file work.cif (mmCIF, C-alpha atoms and all ligand atoms)
data_structure
loop_
_atom_site.label_atom_id
_atom_site.label_comp_id
_atom_site.auth_asym_id
_atom_site.auth_seq_id
_atom_site.Cartn_x
_atom_site.Cartn_y
_atom_site.Cartn_z
CA MET Q 33 -20.74 -13.78 -6.10
CA ASN Q 34 -22.76 -13.14 -9.26
CA ARG Q 35 -23.15 -9.89 -11.20
CA ALA Q 36 -26.46 -8.99 -9.55
CA SER Q 37 -25.31 -9.45 -5.96
CA GLU Q 38 -22.09 -7.49 -6.53
CA SER Q 39 -23.98 -4.21 -6.54
CA GLU Q 40 -26.09 -4.98 -3.48
CA SER Q 41 -25.33 -3.26 -0.22
CA ALA Q 42 -25.14 -6.37 2.00
CA SER Q 43 -21.79 -7.20 3.57
CA ILE Q 44 -19.46 -9.59 1.81
CA ASP Q 45 -18.51 -12.92 3.32
CA PRO Q 46 -14.79 -12.61 4.16
CA ALA Q 47 -14.43 -16.24 3.01
CA ALA Q 48 -15.24 -15.04 -0.54
CA ILE Q 49 -12.24 -12.67 -0.61
CA PRO Q 50 -9.28 -14.11 -2.55
CA GLN Q 51 -6.19 -14.77 -0.39
CA ARG Q 52 -2.45 -14.53 -1.04
CA THR Q 53 -0.12 -17.11 0.43
CA LEU Q 54 3.11 -15.63 1.78
CA SER Q 55 6.53 -17.26 1.95
CA THR Q 56 5.79 -18.29 5.56
CA GLY Q 57 2.60 -20.10 4.50
CA ALA Q 58 0.43 -17.42 6.15
CA THR Q 59 -2.48 -16.06 4.15
CA MET Q 60 -3.31 -12.39 3.57
CA PRO Q 61 -6.59 -11.08 2.11
CA ALA Q 62 -5.95 -9.97 -1.48
CA ILE Q 63 -7.55 -6.55 -0.90
CA GLY Q 64 -7.02 -4.21 2.03
CA LEU Q 65 -8.30 -0.79 3.05
CA GLY Q 66 -5.75 2.02 2.76
CA THR Q 67 -5.80 4.48 5.66
CA PHE Q 68 -3.82 7.49 4.38
CA GLY Q 69 -6.23 10.42 4.39
CA SER Q 70 -4.04 12.37 1.92
CA ASP Q 71 -3.75 15.35 4.28
CA HIS Q 72 -7.46 16.25 3.86
CA VAL Q 73 -9.55 13.45 5.41
CA THR Q 74 -9.62 13.58 9.21
CA PRO Q 75 -8.42 10.73 11.46
CA ASP Q 76 -11.98 10.27 12.72
CA GLN Q 77 -13.32 9.91 9.18
CA VAL Q 78 -10.68 7.27 8.47
CA ALA Q 79 -11.51 5.45 11.71
CA GLN Q 80 -15.18 5.46 10.79
CA ALA Q 81 -14.28 3.98 7.39
CA VAL Q 82 -12.27 1.24 9.12
CA ARG Q 83 -15.29 0.27 11.21
CA GLY Q 84 -17.62 0.43 8.23
CA ALA Q 85 -15.21 -1.52 6.05
CA ALA Q 86 -14.83 -4.25 8.68
CA ALA Q 87 -18.62 -4.50 8.86
CA ALA Q 88 -18.69 -4.73 5.05
CA GLY Q 89 -16.26 -7.68 5.20
CA TYR Q 90 -12.74 -6.19 4.94
CA ARG Q 91 -10.16 -8.13 6.93
CA HIS Q 92 -7.00 -6.27 5.87
CA PHE Q 93 -5.96 -2.73 6.87
CA ASP Q 94 -2.89 -0.83 5.66
CA CYS Q 95 -1.74 1.59 8.37
CA ALA Q 96 1.35 3.71 9.05
CA SER Q 97 2.55 5.92 11.88
CA VAL Q 98 3.06 8.84 9.45
CA TYR Q 99 -0.62 8.79 8.48
CA GLY Q 100 -1.20 10.46 11.84
CA ASN Q 101 -4.29 8.43 12.68
CA GLU Q 102 -3.13 5.18 14.30
CA PRO Q 103 -4.73 6.06 17.69
CA GLU Q 104 -8.13 6.59 16.01
CA VAL Q 105 -7.73 3.55 13.74
CA GLY Q 106 -6.71 1.55 16.82
CA ALA Q 107 -9.90 2.50 18.63
CA ALA Q 108 -11.87 1.42 15.55
CA LEU Q 109 -10.03 -1.90 15.38
CA GLN Q 110 -10.65 -2.48 19.08
CA ALA Q 111 -14.37 -1.94 18.51
CA VAL Q 112 -14.30 -4.36 15.56
CA ILE Q 113 -12.63 -7.02 17.71
CA ALA Q 114 -14.96 -6.33 20.65
CA GLY Q 115 -17.81 -6.76 18.18
CA GLY Q 116 -16.80 -10.37 17.56
CA VAL Q 117 -14.25 -10.40 14.73
CA LYS Q 118 -11.30 -12.51 15.92
CA ARG Q 119 -7.94 -10.72 15.93
CA GLU Q 120 -6.36 -13.64 14.04
CA HIS Q 121 -8.87 -13.13 11.24
CA ILE Q 122 -7.66 -9.57 10.58
CA TRP Q 123 -4.45 -8.64 8.72
CA ILE Q 124 -2.92 -5.42 10.02
CA THR Q 125 0.09 -3.70 8.49
CA SER Q 126 1.99 -0.73 9.87
CA LYS Q 127 5.16 1.02 8.73
CA LEU Q 128 8.36 2.45 10.14
CA TRP Q 129 8.60 6.12 9.19
CA ASN Q 130 11.74 7.58 7.64
CA ASP Q 131 12.85 9.51 10.73
CA LYS Q 132 12.96 6.29 12.78
CA HIS Q 133 15.55 4.27 10.83
CA ALA Q 134 18.19 4.62 13.56
CA GLU Q 135 18.91 1.33 15.34
CA ASP Q 136 17.59 2.56 18.67
CA ASP Q 137 14.34 3.83 17.17
CA VAL Q 138 13.02 0.82 15.23
CA ILE Q 139 11.72 -1.29 18.09
CA ALA Q 140 10.42 1.71 20.03
CA SER Q 141 8.59 2.96 16.95
CA CYS Q 142 6.96 -0.42 16.36
CA ARG Q 143 5.90 -0.55 20.02
CA ARG Q 144 4.38 2.93 19.61
CA SER Q 145 2.33 1.76 16.62
CA LEU Q 146 1.25 -1.35 18.54
CA ALA Q 147 0.13 0.78 21.48
CA ASP Q 148 -1.69 3.24 19.21
CA LEU Q 149 -3.35 0.46 17.24
CA ARG Q 150 -4.19 -1.35 20.54
CA LEU Q 151 -2.62 -4.59 19.35
CA ASP Q 152 -0.06 -6.99 20.76
CA TYR Q 153 1.32 -7.99 17.36
CA LEU Q 154 1.28 -6.75 13.77
CA ASP Q 155 0.84 -9.08 10.83
CA LEU Q 156 3.25 -7.02 8.76
CA TYR Q 157 5.68 -4.19 9.47
CA LEU Q 158 7.26 -2.37 6.54
CA VAL Q 159 10.17 0.01 6.15
CA HIS Q 160 8.07 2.77 4.58
CA TRP Q 161 10.82 4.24 2.35
CA PRO Q 162 14.44 3.16 1.84
CA PHE Q 163 15.61 6.69 2.71
CA PRO Q 164 15.87 8.15 6.22
CA ASN Q 165 14.68 11.50 4.86
CA PHE Q 166 11.88 13.24 6.60
CA HIS Q 167 9.30 15.73 5.42
CA PRO Q 168 6.89 17.64 7.64
CA PRO Q 169 3.15 16.83 7.36
CA GLY Q 170 1.41 18.84 4.66
CA CYS Q 171 4.70 20.07 3.13
CA ASP Q 172 5.05 21.14 -0.51
CA VAL Q 173 7.13 19.52 -3.25
CA THR Q 174 10.22 21.66 -2.61
CA SER Q 175 10.57 20.54 1.01
CA ARG Q 176 13.84 18.71 1.85
CA SER Q 177 15.09 17.52 5.22
CA ALA Q 178 18.37 19.17 6.21
CA ALA Q 179 20.05 15.83 6.87
CA ALA Q 180 18.72 14.14 3.71
CA ARG Q 181 20.84 11.19 2.59
CA PRO Q 182 20.90 8.75 -0.33
CA TYR Q 183 20.24 5.04 0.02
CA ILE Q 184 23.16 3.58 1.94
CA HIS Q 185 22.89 -0.17 2.02
CA LYS Q 186 24.95 -0.57 5.20
CA SER Q 187 22.59 1.80 7.02
CA TYR Q 188 19.50 0.11 5.61
CA MET Q 189 20.80 -3.26 6.85
CA LYS Q 190 21.22 -1.85 10.37
CA THR Q 191 17.57 -0.91 10.25
CA TRP Q 192 16.66 -4.28 8.74
CA ARG Q 193 18.46 -6.18 11.57
CA ARG Q 194 16.11 -4.44 14.01
CA MET Q 195 13.16 -5.34 11.80
CA GLU Q 196 14.32 -8.98 12.01
CA GLU Q 197 14.52 -8.62 15.78
CA LEU Q 198 10.87 -7.55 15.84
CA VAL Q 199 9.99 -10.96 14.38
CA ASP Q 200 12.21 -12.70 16.96
CA LEU Q 201 10.45 -10.76 19.72
CA GLY Q 202 7.04 -11.86 18.44
CA LEU Q 203 5.93 -8.24 17.94
CA VAL Q 204 5.43 -8.70 14.20
CA ARG Q 205 4.65 -11.80 12.13
CA HIS Q 206 6.21 -10.58 8.86
CA ILE Q 207 8.50 -7.81 7.75
CA GLY Q 208 8.65 -6.17 4.38
CA THR Q 209 9.75 -3.29 2.22
CA SER Q 210 8.07 -0.42 0.45
CA ASN Q 211 9.14 1.85 -2.41
CA MET Q 212 12.09 -0.41 -3.23
CA THR Q 213 13.70 -1.01 -6.59
CA ILE Q 214 15.23 -4.17 -8.08
CA PRO Q 215 18.86 -3.09 -7.37
CA LYS Q 216 18.05 -2.31 -3.73
CA LEU Q 217 16.04 -5.51 -3.28
CA LYS Q 218 18.89 -7.59 -4.72
CA LEU Q 219 21.21 -6.24 -2.02
CA LEU Q 220 18.63 -6.85 0.70
CA LEU Q 221 17.91 -10.40 -0.48
CA ARG Q 222 21.65 -11.09 -0.47
CA ASP Q 223 22.08 -9.93 3.13
CA ALA Q 224 18.79 -10.53 4.94
CA ARG Q 225 18.42 -13.24 7.58
CA ILE Q 226 14.65 -12.82 7.33
CA ARG Q 227 13.60 -12.00 3.79
CA PRO Q 228 10.86 -9.46 3.07
CA ALA Q 229 7.48 -11.18 2.77
CA VAL Q 230 5.92 -8.23 0.95
CA ASN Q 231 6.98 -5.25 -1.14
CA GLU Q 232 4.49 -2.38 -1.15
CA MET Q 233 4.70 -0.45 -4.41
CA GLU Q 234 2.67 1.88 -6.61
CA LEU Q 235 0.57 -0.25 -8.98
CA HIS Q 236 -2.35 0.76 -11.18
CA PRO Q 237 -3.24 0.33 -14.87
CA HIS Q 238 -1.11 3.35 -15.87
CA PHE Q 239 1.85 2.18 -13.75
CA GLN Q 240 2.10 -1.58 -13.93
CA GLN Q 241 5.85 -1.90 -13.14
CA PRO Q 242 6.10 -5.24 -15.01
CA GLU Q 243 9.80 -5.85 -14.23
CA LEU Q 244 9.59 -5.17 -10.51
CA PHE Q 245 6.28 -7.02 -10.30
CA LYS Q 246 7.87 -10.14 -11.85
CA PHE Q 247 11.05 -9.77 -9.77
CA VAL Q 248 9.23 -9.77 -6.45
CA LEU Q 249 7.01 -12.72 -7.37
CA ASP Q 250 10.03 -14.68 -8.67
CA ASN Q 251 11.64 -14.08 -5.27
CA GLY Q 252 8.68 -15.21 -3.19
CA ILE Q 253 7.69 -11.67 -2.22
CA GLN Q 254 4.03 -10.64 -2.47
CA PRO Q 255 3.38 -7.33 -4.25
CA VAL Q 256 0.98 -5.02 -2.40
CA GLY Q 257 -0.23 -2.24 -4.69
CA TYR Q 258 -0.79 1.29 -3.45
CA CYS Q 259 -2.72 4.01 -5.30
CA PRO Q 260 -4.63 1.24 -7.13
CA ILE Q 261 -7.18 3.76 -8.42
CA GLY Q 262 -4.61 6.38 -9.35
CA SER Q 263 -5.00 8.27 -6.08
CA PRO Q 264 -7.43 10.99 -7.26
CA GLY Q 265 -7.26 12.63 -3.80
CA ARG Q 266 -3.47 12.70 -3.44
CA PRO Q 267 -1.75 15.79 -1.97
CA GLU Q 268 -0.69 18.68 -4.25
CA ARG Q 269 2.98 17.81 -3.73
CA ASP Q 270 2.33 14.53 -5.58
CA ARG Q 271 0.79 16.10 -8.71
CA THR Q 272 2.52 17.08 -11.96
CA PRO Q 273 1.03 18.18 -15.30
CA GLU Q 274 2.20 14.91 -16.94
CA ASP Q 275 0.17 12.69 -14.59
CA THR Q 276 -2.62 10.63 -16.10
CA ALA Q 277 -5.70 9.12 -14.46
CA PRO Q 278 -6.34 5.40 -15.01
CA THR Q 279 -10.03 5.88 -14.18
CA GLU Q 280 -10.31 8.21 -17.21
CA ASP Q 281 -8.60 5.84 -19.63
CA PRO Q 282 -11.01 4.97 -22.49
CA VAL Q 283 -10.27 1.24 -22.07
CA ILE Q 284 -11.14 1.30 -18.35
CA VAL Q 285 -14.16 3.56 -18.93
CA GLU Q 286 -15.53 1.23 -21.63
CA ILE Q 287 -15.08 -1.92 -19.50
CA ALA Q 288 -16.79 -0.13 -16.59
CA ARG Q 289 -19.67 0.93 -18.84
CA ARG Q 290 -20.09 -2.63 -20.12
CA HIS Q 291 -20.33 -4.02 -16.57
CA GLY Q 292 -22.25 -1.11 -15.08
CA ILE Q 293 -19.56 -0.48 -12.44
CA HIS Q 294 -17.33 2.51 -11.58
CA PRO Q 295 -13.97 2.68 -13.41
CA ALA Q 296 -12.31 2.51 -9.96
CA VAL Q 297 -13.80 -0.94 -9.45
CA VAL Q 298 -12.40 -2.08 -12.80
CA CYS Q 299 -8.94 -1.05 -11.50
CA ILE Q 300 -9.51 -3.12 -8.35
CA LYS Q 301 -10.71 -6.19 -10.25
CA TRP Q 302 -7.72 -5.98 -12.60
CA ALA Q 303 -5.31 -5.67 -9.66
CA VAL Q 304 -6.67 -8.66 -7.76
CA GLN Q 305 -6.84 -10.79 -10.90
CA ARG Q 306 -3.32 -9.84 -12.02
CA GLY Q 307 -1.92 -11.08 -8.69
CA GLN Q 308 -1.17 -8.00 -6.60
CA THR Q 309 -2.98 -6.98 -3.42
CA PRO Q 310 -4.57 -3.54 -3.89
CA ILE Q 311 -5.11 -1.36 -0.82
CA PRO Q 312 -7.60 1.27 -2.05
CA PHE Q 313 -8.32 4.14 0.30
CA SER Q 314 -11.99 5.02 0.53
CA ILE Q 315 -14.37 6.58 2.97
CA ASN Q 316 -17.35 6.47 0.59
CA ASN Q 317 -16.89 3.54 -1.81
CA TYR Q 318 -15.11 0.79 0.11
CA ARG Q 319 -17.99 -1.64 -0.19
CA ALA Q 320 -18.03 -1.47 -4.00
CA ASN Q 321 -14.28 -2.10 -4.08
CA LEU Q 322 -14.55 -5.16 -1.84
CA ALA Q 323 -17.50 -6.47 -3.86
CA GLY Q 324 -15.45 -6.00 -7.03
CA ALA Q 325 -12.50 -7.90 -5.56
CA ALA Q 326 -14.66 -10.79 -4.37
CA GLY Q 327 -16.99 -10.84 -7.37
CA TYR Q 328 -16.97 -12.02 -10.97
CA PRO Q 329 -13.69 -11.76 -12.91
CA LEU Q 330 -12.86 -9.63 -15.92
CA SER Q 331 -12.56 -11.60 -19.16
CA ASN Q 332 -9.17 -12.61 -20.55
CA GLU Q 333 -9.71 -10.10 -23.34
CA GLU Q 334 -10.41 -7.30 -20.82
CA MET Q 335 -7.28 -8.24 -18.86
CA ARG Q 336 -5.29 -8.20 -22.11
CA GLN Q 337 -6.66 -4.75 -23.01
CA ILE Q 338 -5.71 -3.33 -19.59
CA ALA Q 339 -2.22 -4.83 -19.85
CA GLY Q 340 -1.89 -2.72 -23.02
CA ILE Q 341 -2.58 0.68 -21.40
CA ASP Q 342 0.48 0.89 -19.12
CA ARG Q 343 1.94 4.42 -19.43
CA ASN Q 344 4.81 4.05 -16.97
CA CYS Q 345 3.18 6.97 -15.15
CA ARG Q 346 4.50 7.09 -11.60
CA LEU Q 347 2.28 9.33 -9.46
CA ILE Q 348 4.08 9.17 -6.10
CA LYS Q 349 7.47 10.39 -7.26
CA GLY Q 350 8.91 11.11 -3.81
CA GLN Q 351 10.61 14.43 -4.67
CA VAL Q 352 10.65 15.41 -1.00
CA PHE Q 353 13.09 12.54 -0.32
CA LEU Q 354 15.81 13.74 -2.74
CA TRP Q 355 19.11 14.34 -0.99
CA LYS Q 356 20.98 16.95 -3.02
CA ASP Q 357 20.36 19.88 -5.36
CA GLY Q 358 20.10 19.31 -9.07
CA GLN Q 359 18.47 15.90 -8.81
CA THR Q 360 15.26 14.76 -10.44
CA TRP Q 361 12.80 12.36 -8.90
CA GLU Q 362 14.02 9.59 -11.22
CA ASP Q 363 17.17 9.46 -9.06
CA LEU Q 364 15.12 7.89 -6.28
CA TRP Q 365 14.07 4.97 -8.46
CA ASP Q 366 17.37 3.56 -9.83
CA ILE Q 367 16.15 3.70 -13.41
CA HIS Q 368 19.63 2.84 -14.76
CA GLY Q 369 19.60 -0.59 -13.14
CA GLU Q 370 21.91 0.18 -10.22
CA VAL Q 371 21.49 2.05 -6.95
CA THR Q 372 21.88 5.76 -7.78
CA PRO Q 373 25.32 6.80 -6.47
CA PRO Q 374 25.45 9.35 -3.62
N1 LIG G 1 3.76 2.59 0.97
C1 LIG G 1 3.61 3.82 0.53
O1 LIG G 1 4.57 4.59 0.39
C2 LIG G 1 2.24 4.32 0.18
C3 LIG G 1 2.11 5.45 -0.64
C4 LIG G 1 0.81 5.88 -0.97
C5 LIG G 1 -0.28 5.19 -0.49
N2 LIG G 1 -0.13 4.09 0.33
C6 LIG G 1 -1.29 3.33 0.84
O2 LIG G 1 -2.15 3.04 -0.25
C7 LIG G 1 -3.48 3.49 0.05
C8 LIG G 1 -4.22 3.83 -1.23
O3 LIG G 1 -3.59 4.87 -1.95
P1 LIG G 1 -4.27 6.28 -2.16
O4 LIG G 1 -5.18 6.55 -1.05
O5 LIG G 1 -3.20 7.27 -2.43
O6 LIG G 1 -5.02 6.14 -3.57
P2 LIG G 1 -6.22 5.25 -4.19
O7 LIG G 1 -6.60 4.16 -3.28
O8 LIG G 1 -5.78 4.92 -5.57
O9 LIG G 1 -7.39 6.33 -4.35
C9 LIG G 1 -8.19 6.72 -3.26
C10 LIG G 1 -9.22 7.69 -3.78
O10 LIG G 1 -10.09 7.02 -4.70
C11 LIG G 1 -11.46 7.24 -4.35
N3 LIG G 1 -12.18 5.97 -4.57
C12 LIG G 1 -11.90 4.78 -3.98
N4 LIG G 1 -12.75 3.83 -4.42
C13 LIG G 1 -13.60 4.44 -5.28
C14 LIG G 1 -14.70 3.98 -6.03
N5 LIG G 1 -15.09 2.70 -6.03
N6 LIG G 1 -15.37 4.89 -6.80
C15 LIG G 1 -14.99 6.18 -6.84
N7 LIG G 1 -13.92 6.67 -6.16
C16 LIG G 1 -13.25 5.81 -5.38
C17 LIG G 1 -11.46 7.62 -2.90
O11 LIG G 1 -12.54 8.50 -2.65
P3 LIG G 1 -13.67 8.13 -1.54
O12 LIG G 1 -12.98 8.18 -0.22
O13 LIG G 1 -14.67 9.21 -1.75
O14 LIG G 1 -14.20 6.76 -1.86
C18 LIG G 1 -10.11 8.32 -2.73
O15 LIG G 1 -10.23 9.69 -3.05
C19 LIG G 1 -3.24 4.65 1.02
O16 LIG G 1 -4.40 4.99 1.74
C20 LIG G 1 -2.14 4.08 1.87
O17 LIG G 1 -2.68 3.16 2.83
C21 LIG G 1 1.11 3.64 0.64
#
call {"tool": "encode", "arguments": {"input": "work.cif", "output": "structure tokens"}}
result
Amino acid sequence: MNRASESESASIDPAAIPQRTLSTGATMPAIGLGTFGSDHVTPDQVAQAVRGAAAAGYRHFDCASVYGNEPEVGAALQAVIAGGVKREHIWITSKLWNDKHAEDDVIASCRRSLADLRLDYLDLYLVHWPFPNFHPPGCDVTSRSAAARPYIHKSYMKTWRRMEELVDLGLVRHIGTSNMTIPKLKLLLRDARIRPAVNEMELHPHFQQPELFKFVLDNGIQPVGYCPIGSPGRPERDRTPEDTAPTEDPVIVEIARRHGIHPAVVCIKWAVQRGQTPIPFSINNYRANLAGAAGYPLSNEEMRQIAGIDRNCRLIKGQVFLWKDGQTWEDLWDIHGEVTPP
């Protein structure tokens, strides 16, 4: 696609979307539509975006039971498929929520998502967080579940064995992780029968996670990047005064100005070109993001400039998953190179 056609409103040929090859040899579109409405966009609005995005050319959708909209998204997907898009040409991810880590819950929870999404298999099923700690919808940053626990590898492996069983049962094609760290992934890679195909992680120009990014690629795991635009609509509980906005960074703003595109689209182009799979949420701008992903590349110099603006600024800190008093959110992320002790 050339510069002129990137701004046009016509749909984008899905064949023009870059693809990632997974460890199984399967291919996954290198951009997906996020479906978390951040507690303020309704399920019906998200479902409408799914239908619109599919018409625009999206073939990858990032869902989760905790987003509270899988029934509506499922109806939208059914309409997309009834409209002539083959199921095997769409990549659909869902995720096991934290309160369903118990052995008996994993398969039932996946079947629930399949029923809600009106599918007979998922392309990818992720363990949403490595902690079984639950928070109520719409909670604030001080919320903690009464039974909150740290990462316990033995428990995680019990959950993972059920995830492996989902592949054996043919209910999911790939399994993966989300919000993991290098120390936790090392343990999982040591013990897994079926290795994670994907790790979903926060990735944007102000949070590039170079070490984890390299680690997953070196281990044959595809990085999927959430909050690729810096999540301007994220819930209050995920905001702190120190947070920065990649779309306001002078480097991003200047590149956007030069190309006549929105700074958000620069973030998407950078993500796809760097080698991760961004999953931007959008109900209003999804077409521009897809066009950016499928269109002309940023120059090597622009890529180099964006590599230089990393601020190690994690936006989704996960405070609500802490398990004891006196902790800081850094304890969730194993910043000392080993799993944070209980
Ligand atoms: N695995 C996990 O733990 C995890 C955690 C967080 C998120 N996720 C996934 O990642 C997805 C994306 O993350 P996110 O929704 O937090 O943040 P995001 O994709 O970085 O930001 C979404 C916001 O950016 C705006 N936007 C998108 N494209 C734009 C454009 N071209 N121009 C201007 N504004 C634009 C959207 O507004 P409009 O709607 O108005 O376009 C929306 O408010 C989620 O939906 C979810 O699927 C996963």
call {"tool": "closest_residue", "arguments": {"input": "work.cif", "among": "Q:Gly116, Q:Gly100, Q:Pro237, Q:Gly202", "to": "Q:Pro168", "atoms": "only C-alpha atoms"}}
result
Q:Gly100
call {"tool": "axis_aligned_box", "arguments": {"input": "work.cif", "around": "ligand LIG 1 (chain G)", "padding_each_side": "6 Å", "output": "AutoDock Vina command-line options"}}
result
--center_x -5.4 --center_y 6.1 --center_z -2.0 --size_x 31.9 --size_y 19.1 --size_z 21.7
call {"tool": "residues_around", "arguments": {"input": "work.cif", "residues": "Q:Leu203", "least_positions_apart": "4", "cutoff": "9 Å", "atoms": "all atoms listed in the file", "output": "PDB file with C-alpha atoms, keeping the file's coordinate frame"}}
result
ATOM      1  CA  CYS Q 142       6.960  -0.420  16.360  1.00  0.00           C
ATOM      2  CA  ARG Q 143       5.900  -0.550  20.020  1.00  0.00           C
ATOM      3  CA  LEU Q 146       1.250  -1.350  18.540  1.00  0.00           C
ATOM      4  CA  ASP Q 152      -0.060  -6.990  20.760  1.00  0.00           C
ATOM      5  CA  TYR Q 153       1.320  -7.990  17.360  1.00  0.00           C
ATOM      6  CA  LEU Q 154       1.280  -6.750  13.770  1.00  0.00           C
ATOM      7  CA  ASP Q 155       0.840  -9.080  10.830  1.00  0.00           C
ATOM      8  CA  GLU Q 197      14.520  -8.620  15.780  1.00  0.00           C
ATOM      9  CA  LEU Q 198      10.870  -7.550  15.840  1.00  0.00           C
ATOM     10  CA  VAL Q 199       9.990 -10.960  14.380  1.00  0.00           C
TER      11      VAL Q 199
END
call {"tool": "residues_around", "arguments": {"input": "work.cif", "residues": "stretch 172-175 of chain Q", "least_positions_apart": "3", "cutoff": "7 Å", "atoms": "only C-alpha atoms", "output": "list of chain:residue names"}}
result
Q:His167, Q:Arg269, Q:Gln351, Q:Val352
call {"tool": "atom_distance", "arguments": {"input": "work.cif", "atom1": "atom C6 of ligand LIG 1 (chain G)", "atom2": "atom CA of Q:Pro329"}}
result
23.9 Å
call {"tool": "atom_distance", "arguments": {"input": "work.cif", "atom1": "atom CA of Q:Lys246", "atom2": "atom CA of Q:Ser331"}}
result
21.7 Å
call {"tool": "residues_around", "arguments": {"input": "work.cif", "residues": "Q:Pro215", "least_positions_apart": "2", "cutoff": "8 Å", "atoms": "all atoms listed in the file", "output": "list of chain:residue names"}}
result
Q:Thr213, Q:Leu217, Q:Lys218, Q:Leu219, Q:Asp366, Q:Gly369, Q:Glu370, Q:Val371
call {"tool": "write_last_selection", "arguments": {"input": "work.cif", "atoms": "C-alpha atoms", "output": "tab-separated table (two decimals), keeping the file's coordinate frame"}}
result
chain	number	residue	atom	x	y	z
Q	213	THR	CA	13.70	-1.01	-6.59
Q	217	LEU	CA	16.04	-5.51	-3.28
Q	218	LYS	CA	18.89	-7.59	-4.72
Q	219	LEU	CA	21.21	-6.24	-2.02
Q	366	ASP	CA	17.37	3.56	-9.83
Q	369	GLY	CA	19.60	-0.59	-13.14
Q	370	GLU	CA	21.91	0.18	-10.22
Q	371	VAL	CA	21.49	2.05	-6.95
call {"tool": "residues_near_ligand", "arguments": {"input": "work.cif", "ligand": "ligand LIG 1 (chain G)", "cutoff": "7 Å", "atoms": "all atoms listed in the file", "output": "ChimeraX atom specification"}}
result
/Q:65-70,94-95,160-161,210-211,232-234,258-266,294,296-297,311-318,320-321,348
call {"tool": "closest_residue", "arguments": {"input": "work.cif", "among": "Q:Pro169, Q:Gly340, Q:Gly324, Q:Pro282", "to": "Q:Pro242", "atoms": "only C-alpha atoms"}}
result
Q:Gly340
call {"tool": "closest_residue", "arguments": {"input": "work.cif", "among": "Q:His133, Q:His291, Q:Arg227, Q:His92", "to": "Q:Lys186", "atoms": "all atoms listed in the file"}}
result
Q:His133
call {"tool": "closest_residue", "arguments": {"input": "work.cif", "among": "Q:Arg289, Q:Arg346, Q:Arg193, Q:Lys301", "to": "Q:Gln241", "atoms": "only C-alpha atoms"}}
result
Q:Arg346
call {"tool": "atom_distance", "arguments": {"input": "work.cif", "atom1": "atom CA of Q:Arg176", "atom2": "atom CA of Q:Thr272"}}
result
17.9 Å
call {"tool": "closest_residue", "arguments": {"input": "work.cif", "among": "Q:Phe353, Q:Trp302, Q:Trp123, Q:Trp365", "to": "Q:Ala339", "atoms": "all atoms listed in the file"}}
result
Q:Trp302
call {"tool": "residues_near_point", "arguments": {"input": "work.cif", "point": "(-3.8, 0.7, 22.2)", "cutoff": "12 Å", "atoms": "only C-alpha atoms", "output": "list in words"}}
result
Glu102, Pro103, Glu104, Val105, Gly106, Ala107, Ala108, Leu109, Gln110, Ala111, Arg143, Arg144, Ser145, Leu146, Ala147, Asp148, Leu149, Arg150, Leu151, Asp152 and Tyr153 of chain Q
call {"tool": "residues_near_point", "arguments": {"input": "work.cif", "point": "(-0.6, -11.8, -2.5)", "cutoff": "6 Å", "atoms": "only C-alpha atoms", "output": "list in words"}}
result
Arg52, Ala62, Gln254, Gln308 and Thr309 of chain Q
call {"tool": "closest_residue", "arguments": {"input": "work.cif", "among": "Q:Met195, Q:Ala88, Q:Ile122, Q:Val112", "to": "Q:Ala140", "atoms": "only C-alpha atoms"}}
result
Q:Met195
call {"tool": "residues_around", "arguments": {"input": "work.cif", "residues": "Q:Leu221", "least_positions_apart": "6", "cutoff": "12 Å", "atoms": "only C-alpha atoms", "output": "list in words"}}
result
His185, Met189, Trp192, Gly208, Thr209, Met212, Thr213, Ile214, Pro215, Arg227, Pro228, Ala229, Phe247, Val248, Asn251, Gly252 and Ile253 of chain Q
call {"tool": "residues_around", "arguments": {"input": "work.cif", "residues": "Q:Ile49", "least_positions_apart": "4", "cutoff": "12 Å", "atoms": "only C-alpha atoms", "output": "PyMOL selection string"}}
result
chain Q and resi 33+43-45+59-64+88-92+301+304-305+309+321-328
